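Colleague: Sharing work_31.pdb here; it has PDB, C-alpha atoms, pLDDT in the B column.
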```
ATOM      1  CA  LEU A 276      -6.547 -44.714 -58.247  1.00 85.00           C
ATOM      2  CA  GLN A 277      -9.790 -45.650 -56.510  1.00 81.00           C
ATOM      3  CA  LEU A 278     -11.140 -48.812 -58.109  1.00 86.00           C
ATOM      4  CA  ALA A 279     -14.827 -49.515 -58.657  1.00 83.00           C
ATOM      5  CA  GLY A 280     -14.592 -52.661 -56.518  1.00 82.00           C
ATOM      6  CA  GLY A 281     -13.397 -50.659 -53.512  1.00 78.00           C
ATOM      7  CA  GLY A 282      -9.649 -51.249 -53.819  1.00 83.00           C
ATOM      8  CA  THR A 283      -6.871 -48.932 -54.842  1.00 86.00           C
ATOM      9  CA  ALA A 284      -4.026 -49.025 -57.330  1.00 91.00           C
ATOM     10  CA  PHE A 285      -0.877 -46.939 -56.944  1.00 93.00           C
ATOM     11  CA  ARG A 286       1.723 -45.892 -59.479  1.00 94.00           C
ATOM     12  CA  PRO A 287       5.188 -46.920 -58.276  1.00 95.00           C
ATOM     13  CA  ALA A 288       6.242 -43.542 -56.892  1.00 93.00           C
ATOM     14  CA  VAL A 289       7.563 -41.808 -53.793  1.00 90.00           C
ATOM     15  CA  GLY A 290       4.644 -39.441 -53.234  1.00 86.00           C
ATOM     16  CA  ASN A 291       1.790 -41.927 -52.870  1.00 88.00           C
ATOM     17  CA  CYS A 292       0.969 -45.094 -50.941  1.00 87.00           C
ATOM     18  CA  TYR A 293       2.560 -47.567 -53.346  1.00 90.00           C
ATOM     19  CA  PRO A 294       2.856 -50.594 -51.047  1.00 88.00           C
ATOM     20  CA  ASN A 295       5.866 -52.428 -52.492  1.00 89.00           C
ATOM     21  CA  GLN A 296       9.546 -51.906 -51.832  1.00 88.00           C
ATOM     22  CA  ILE A 297      11.540 -50.197 -54.574  1.00 90.00           C
ATOM     23  CA  GLU A 298      15.023 -51.714 -54.562  1.00 89.00           C
ATOM     24  CA  SER A 299      16.758 -49.710 -57.297  1.00 90.00           C
ATOM     25  CA  LEU A 300      16.086 -47.287 -60.128  1.00 93.00           C
ATOM     26  CA  ASP A 301      15.978 -50.240 -62.560  1.00 95.00           C
ATOM     27  CA  ASP A 302      13.507 -52.050 -60.270  1.00 95.00           C
ATOM     28  CA  TRP A 303      11.345 -48.904 -60.108  1.00 95.00           C
ATOM     29  CA  PHE A 304      11.404 -48.414 -63.894  1.00 96.00           C
ATOM     30  CA  GLU A 305      10.324 -51.996 -64.540  1.00 96.00           C
ATOM     31  CA  LYS A 306       7.421 -51.643 -62.067  1.00 97.00           C
ATOM     32  CA  TRP A 307       6.494 -48.198 -63.420  1.00 97.00           C
ATOM     33  CA  ILE A 308       6.309 -49.390 -67.044  1.00 97.00           C
ATOM     34  CA  GLU A 309       4.312 -52.461 -65.986  1.00 96.00           C
ATOM     35  CA  PHE A 310       1.850 -50.297 -64.025  1.00 96.00           C
ATOM     36  CA  LEU A 311       1.345 -47.747 -66.767  1.00 95.00           C
ATOM     37  CA  PHE A 312       1.170 -50.049 -69.782  1.00 96.00           C
ATOM     38  CA  GLU A 313       0.289 -53.559 -68.546  1.00 95.00           C
ATOM     39  CA  THR A 314      -2.003 -52.924 -65.566  1.00 95.00           C
ATOM     40  CA  ASN A 315      -5.748 -52.764 -66.187  1.00 95.00           C
ATOM     41  CA  VAL A 316      -8.016 -50.893 -63.760  1.00 93.00           C
ATOM     42  CA  ASP A 317     -11.779 -50.471 -63.464  1.00 92.00           C
ATOM     43  CA  LEU A 318     -12.608 -47.043 -62.071  1.00 86.00           C
ATOM     44  CA  ASP A 319     -16.258 -46.769 -63.029  1.00 83.00           C
ATOM     45  CA  GLY A 320     -17.634 -50.316 -63.066  1.00 85.00           C
ATOM     46  CA  LYS A 321     -17.623 -50.381 -66.873  1.00 87.00           C
ATOM     47  CA  GLY A 322     -14.723 -52.795 -67.121  1.00 90.00           C
ATOM     48  CA  PRO A 323     -10.951 -52.694 -66.834  1.00 94.00           C
ATOM     49  CA  LYS A 324      -8.823 -50.417 -69.000  1.00 94.00           C
ATOM     50  CA  PRO A 325      -5.053 -50.008 -69.235  1.00 95.00           C
ATOM     51  CA  VAL A 326      -3.821 -47.257 -66.899  1.00 93.00           C
ATOM     52  CA  TYR A 327      -2.273 -45.207 -69.722  1.00 94.00           C
ATOM     53  CA  THR A 328      -5.704 -44.849 -71.370  1.00 92.00           C
ATOM     54  CA  LEU A 329      -6.844 -42.788 -68.377  1.00 91.00           C
ATOM     55  CA  LEU A 330      -4.565 -39.934 -69.397  1.00 91.00           C
ATOM     56  CA  GLN A 331      -6.526 -37.193 -71.105  1.00 89.00           C
ATOM     57  CA  LYS A 332      -5.462 -35.102 -74.044  1.00 91.00           C
ATOM     58  CA  ILE A 333      -4.817 -31.433 -73.255  1.00 91.00           C
ATOM     59  CA  LYS A 334      -7.274 -29.851 -75.654  1.00 91.00           C
ATOM     60  CA  LYS A 335      -6.687 -26.735 -77.691  1.00 89.00           C
ATOM     61  CA  SER A 336     -10.357 -25.854 -77.179  1.00 90.00           C
ATOM     62  CA  LYS A 337      -9.697 -25.500 -73.440  1.00 91.00           C
ATOM     63  CA  TYR A 338      -6.175 -24.047 -73.738  1.00 92.00           C
ATOM     64  CA  PRO A 339      -6.160 -21.921 -76.918  1.00 91.00           C
ATOM     65  CA  ALA A 340      -2.467 -21.043 -76.518  1.00 94.00           C
ATOM     66  CA  ILE A 341      -1.372 -24.568 -77.465  1.00 92.00           C
ATOM     67  CA  SER A 342      -1.030 -25.716 -81.050  1.00 92.00           C
ATOM     68  CA  GLU A 343      -2.692 -28.738 -82.662  1.00 91.00           C
ATOM     69  CA  ARG A 344       0.699 -30.425 -82.653  1.00 93.00           C
ATOM     70  CA  GLU A 345       1.073 -29.849 -78.923  1.00 92.00           C
ATOM     71  CA  GLU A 346      -2.437 -31.185 -78.343  1.00 92.00           C
ATOM     72  CA  ALA A 347      -1.603 -34.331 -80.327  1.00 93.00           C
ATOM     73  CA  ALA A 348       1.599 -34.841 -78.326  1.00 93.00           C
ATOM     74  CA  SER A 349       0.062 -34.053 -74.933  1.00 93.00           C
ATOM     75  CA  VAL A 350      -0.564 -37.633 -73.759  1.00 93.00           C
ATOM     76  CA  PRO A 351       2.903 -38.977 -74.660  1.00 93.00           C
ATOM     77  CA  LEU A 352       4.430 -35.860 -73.085  1.00 93.00           C
ATOM     78  CA  GLN A 353       2.461 -36.476 -69.877  1.00 93.00           C
ATOM     79  CA  VAL A 354       3.931 -39.983 -69.715  1.00 94.00           C
ATOM     80  CA  VAL A 355       7.482 -38.706 -70.246  1.00 94.00           C
ATOM     81  CA  VAL A 356       7.210 -35.833 -67.762  1.00 95.00           C
ATOM     82  CA  GLN A 357       5.556 -38.020 -65.106  1.00 95.00           C
ATOM     83  CA  GLY A 358       8.305 -40.596 -65.609  1.00 95.00           C
ATOM     84  CA  ILE A 359      11.044 -37.988 -65.235  1.00 96.00           C
ATOM     85  CA  PHE A 360       9.400 -36.571 -62.108  1.00 96.00           C
ATOM     86  CA  ASP A 361       8.936 -39.992 -60.508  1.00 95.00           C
ATOM     87  CA  ALA A 362      12.466 -41.106 -61.471  1.00 96.00           C
ATOM     88  CA  ALA A 363      14.010 -37.990 -59.931  1.00 95.00           C
ATOM     89  CA  LEU A 364      12.187 -38.531 -56.624  1.00 93.00           C
ATOM     90  CA  VAL A 365      12.906 -42.261 -56.519  1.00 92.00           C
ATOM     91  CA  ASN A 366      16.578 -41.613 -57.270  1.00 92.00           C
ATOM     92  CA  LEU A 367      16.731 -38.987 -54.513  1.00 91.00           C
ATOM     93  CA  MET A 368      15.126 -41.291 -51.941  1.00 90.00           C
ATOM     94  CA  LEU A 369      17.246 -44.289 -52.914  1.00 88.00           C
ATOM     95  CA  SER A 370      20.455 -42.276 -52.685  1.00 87.00           C
ATOM     96  CA  GLN A 371      19.643 -40.116 -49.639  1.00 84.00           C
ATOM     97  CA  GLY A 372      16.815 -41.818 -47.768  1.00 75.00           C
ATOM     98  CA  GLU A 373      18.382 -45.262 -47.713  1.00 71.00           C
ATOM     99  CA  ALA A 374      16.013 -47.974 -46.480  1.00 72.00           C
ATOM    100  CA  LYS A 375      14.275 -45.607 -44.008  1.00 82.00           C
ATOM    101  CA  TRP A 376      12.083 -43.872 -46.558  1.00 84.00           C
ATOM    102  CA  HIS A 377      10.019 -46.977 -47.364  1.00 84.00           C
ATOM    103  CA  GLU A 378       9.040 -47.470 -43.726  1.00 83.00           C
ATOM    104  CA  LEU A 379       8.369 -43.764 -43.229  1.00 84.00           C
ATOM    105  CA  ARG A 380       6.109 -43.708 -46.284  1.00 84.00           C
ATOM    106  CA  ARG A 381       4.208 -46.763 -44.980  1.00 84.00           C
ATOM    107  CA  GLU A 382       3.687 -45.082 -41.605  1.00 84.00           C
ATOM    108  CA  ILE A 383       2.428 -41.883 -43.229  1.00 83.00           C
ATOM    109  CA  CYS A 384       0.072 -43.821 -45.502  1.00 83.00           C
ATOM    110  CA  ASP A 385      -1.251 -45.919 -42.620  1.00 79.00           C
ATOM    111  CA  SER A 386      -1.979 -42.870 -40.503  1.00 75.00           C
ATOM    112  CA  LEU A 387      -3.317 -40.521 -43.186  1.00 72.00           C
ATOM    113  CA  ASN A 388      -4.561 -42.429 -46.221  1.00 70.00           C
ATOM    114  CA  SER A 389      -5.357 -46.062 -45.622  1.00 68.00           C
ATOM    115  CA  ARG A 390      -8.556 -45.402 -43.634  1.00 76.00           C
ATOM    116  CA  LYS A 391      -9.216 -41.916 -44.993  1.00 80.00           C
ATOM    117  CA  ASN A 392     -12.744 -42.490 -46.315  1.00 81.00           C
ATOM    118  CA  ALA A 393     -13.848 -44.389 -43.216  1.00 81.00           C
ATOM    119  CA  ARG A 394     -12.412 -41.643 -41.001  1.00 83.00           C
ATOM    120  CA  ILE A 395     -14.118 -38.846 -42.983  1.00 86.00           C
ATOM    121  CA  THR A 396     -17.439 -40.704 -42.776  1.00 85.00           C
ATOM    122  CA  GLU A 397     -16.948 -41.280 -39.034  1.00 87.00           C
ATOM    123  CA  ILE A 398     -16.234 -37.568 -38.428  1.00 87.00           C
ATOM    124  CA  LEU A 399     -19.274 -36.514 -40.463  1.00 88.00           C
ATOM    125  CA  LEU A 400     -21.544 -39.022 -38.686  1.00 85.00           C
ATOM    126  CA  THR A 401     -20.415 -37.831 -35.247  1.00 88.00           C
ATOM    127  CA  THR A 402     -19.163 -34.240 -35.191  1.00 89.00           C
ATOM    128  CA  TYR A 403     -21.358 -33.015 -38.056  1.00 87.00           C
ATOM    129  CA  ARG A 404     -24.400 -35.280 -37.671  1.00 84.00           C
ATOM    130  CA  ASP A 405     -26.665 -32.327 -36.808  1.00 86.00           C
ATOM    131  CA  SER A 406     -25.568 -30.238 -39.795  1.00 89.00           C
ATOM    132  CA  ASP A 407     -28.234 -29.457 -42.351  1.00 91.00           C
ATOM    133  CA  VAL A 408     -25.782 -28.932 -45.203  1.00 92.00           C
ATOM    134  CA  VAL A 409     -22.263 -30.297 -45.683  1.00 91.00           C
ATOM    135  CA  PHE A 410     -20.144 -29.467 -48.722  1.00 92.00           C
ATOM    136  CA  LEU A 411     -17.237 -31.708 -49.752  1.00 89.00           C
ATOM    137  CA  GLN A 412     -14.703 -31.087 -52.489  1.00 88.00           C
ATOM    138  CA  GLU A 413     -12.625 -33.636 -54.371  1.00 84.00           C
ATOM    139  CA  ALA A 414     -14.657 -36.536 -53.011  1.00 85.00           C
ATOM    140  CA  GLY A 415     -13.619 -39.847 -54.551  1.00 83.00           C
ATOM    141  CA  ASN A 416     -16.130 -42.384 -55.858  1.00 82.00           C
ATOM    142  CA  GLN A 417     -15.652 -44.688 -52.851  1.00 82.00           C
ATOM    143  CA  LEU A 418     -16.259 -41.865 -50.367  1.00 86.00           C
ATOM    144  CA  VAL A 419     -19.363 -40.766 -52.268  1.00 86.00           C
ATOM    145  CA  GLU A 420     -20.807 -44.291 -51.995  1.00 85.00           C
ATOM    146  CA  GLN A 421     -19.946 -44.492 -48.283  1.00 85.00           C
ATOM    147  CA  LEU A 422     -21.685 -41.155 -47.700  1.00 88.00           C
ATOM    148  CA  ARG A 423     -24.713 -42.229 -49.740  1.00 87.00           C
ATOM    149  CA  GLN A 424     -25.095 -45.330 -47.533  1.00 87.00           C
ATOM    150  CA  GLY A 425     -24.105 -43.721 -44.219  1.00 84.00           C
ATOM    151  CA  PHE A 426     -26.490 -40.786 -44.541  1.00 87.00           C
ATOM    152  CA  ALA A 427     -29.339 -42.528 -46.395  1.00 88.00           C
ATOM    153  CA  GLY A 428     -31.760 -42.069 -43.479  1.00 88.00           C
ATOM    154  CA  THR A 429     -31.094 -38.384 -42.820  1.00 88.00           C
ATOM    155  CA  HIS A 430     -29.578 -36.661 -45.843  1.00 90.00           C
ATOM    156  CA  GLU A 431     -29.753 -36.600 -49.606  1.00 88.00           C
ATOM    157  CA  LEU A 432     -26.420 -36.777 -51.379  1.00 87.00           C
ATOM    158  CA  ARG A 433     -26.363 -34.265 -54.223  1.00 87.00           C
ATOM    159  CA  THR A 434     -23.823 -34.662 -56.986  1.00 85.00           C
ATOM    160  CA  PRO A 435     -23.207 -32.427 -60.004  1.00 82.00           C
ATOM    161  CA  ARG A 436     -24.904 -33.236 -63.308  1.00 84.00           C
ATOM    162  CA  SER A 437     -21.420 -33.503 -64.749  1.00 80.00           C
ATOM    163  CA  TYR A 438     -20.288 -36.043 -62.114  1.00 75.00           C
ATOM    164  CA  ASN A 439     -17.075 -37.593 -63.395  1.00 71.00           C
ATOM    165  CA  HIS A 440     -16.500 -41.216 -62.290  1.00 71.00           C
ATOM    166  CA  ARG A 441     -13.279 -41.307 -64.234  1.00 69.00           C
ATOM    167  CA  ARG A 442     -11.613 -38.423 -62.381  1.00 69.00           C
ATOM    168  CA  SER A 443     -13.009 -39.575 -59.015  1.00 70.00           C
ATOM    169  CA  GLN A 444     -12.719 -36.030 -57.653  1.00 77.00           C
ATOM    170  CA  ASN A 445     -16.089 -34.355 -57.458  1.00 78.00           C
ATOM    171  CA  SER A 446     -17.745 -31.775 -55.264  1.00 84.00           C
ATOM    172  CA  VAL A 447     -20.794 -33.147 -53.460  1.00 89.00           C
ATOM    173  CA  MET A 448     -23.344 -31.898 -50.975  1.00 88.00           C
ATOM    174  CA  LEU A 449     -25.150 -33.626 -48.127  1.00 89.00           C
ATOM    175  CA  LEU A 450     -28.537 -31.958 -47.677  1.00 90.00           C
ATOM    176  CA  ARG A 451     -30.801 -32.834 -44.733  1.00 89.00           C
ATOM    177  CA  LYS A 452     -33.990 -34.522 -46.000  1.00 88.00           C
ATOM    178  CA  GLY A 453     -37.038 -32.260 -45.810  1.00 85.00           C
ATOM    179  CA  LEU A 454     -34.960 -29.083 -45.509  1.00 81.00           C
ATOM    180  CA  ILE A 455     -35.963 -27.936 -48.984  1.00 76.00           C
ATOM    181  CA  SER A 456     -39.319 -28.938 -50.368  1.00 67.00           C
ATOM    182  CA  GLY A 457     -40.136 -29.461 -54.007  1.00 56.00           C
TER
END
```
Would you write out, as structure tokens, the structure that this file holds?

Modeller:
Amino acid sequence: LQLAGGGTAFRPAVGNCYPNQIESLDDWFEKWIEFLFETNVDLDGKGPKPVYTLLQKIKKSKYPAISEREEAASVPLQVVVQGIFDAALVNLMLSQGEAKWHELRREICDSLNSRKNARITEILLTTYRDSDVVFLQEAGNQLVEQLRQGFAGTHELRTPRSYNHRRSQNSVMLLRKGLISG
């Protein structure tokens, strides 16, 4: 999760950059429950909220094939299914990956994720600096702010009317200033 203050928060899981060691399945479960139900995060600058409140109901209006009962149960089911998925991967890594998987995950995160926004901005400011239009998909809130500041002198940053701070995955466009009048 990209936090409004510029930091990040990670669910204790194998497939993300969770920074702490997971010693056992019991250790993971304790950390997972604490993250989901006791950790408060501020994604949009409107104040901290418990992580579990970020889960969104799967609405019948969007997916007509589901029943009202399924819609009502969709958030608790998301928690259960995510827990099962994470537990299966943690169990696999603890039993097969031994201690190596923690270090490997740290190396991957350091090289690919930890400086991702800074690296994207650097590439755009160098390789693509002469571009009139740049489209980006699934841009997180932190990247959007970095782009807004980094390109303030040359480009306008266009965001959708339905920009969603909560999801922190929006399509944006950098448009060279003066390219389109009016």

Colleague: Return as a VMD selection string the set of residues that the PyMOL selection byres ((chain A and resi 424-438) around 10) yields on the displayed structure.

Modeller: chain A and resid 396 to 397 399 to 400 404 to 410 416 418 to 423 439 to 454

Colleague: I'd like the residues picked by the PyMOL selection byres ((chain A and resi 377) around 10) written out as a list in words, using the chain letters and numbers from the file.

Modeller: Val289, Cys292, Tyr293, Pro294, Asn295, Gln296, Ile297, Glu298, Met368, Leu369, Gly372, Glu373, Ala374, Lys375, Trp376, Glu378, Leu379, Arg380, Arg381 and Glu382 of chain A

Colleague: State, in Å with one decimal place, the distance from atom CA of Asp301 of chain A to atom CA of Thr328 of chain A.

Modeller: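 Interatomic distance, atom CA of Asp301 of chain A to atom CA of Thr328 of chain A: 24.0 Å.
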
Colleague: Any idea what the distance is between atom CA of Val355 of chain A and atom CA of Lys337 of chain A?

Modeller: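 Answer for the atom CA of Val355 of chain A to atom CA of Lys337 of chain A separation: 21.9 Å.
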
Colleague: On this file, the PyMOL selection byres ((chain A and resi 314-321) around 7) gives some set of residues; write that set as a ChimeraX atom specification.

Modeller: /A:277-279,309-313,322-326,440-441

Colleague: Grab the atom CA of Leu330 of chain A to atom CA of Asp302 of chain A distance for me, in Å with one decimal place.

Modeller: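 Those two atoms sit 23.6 Å apart.
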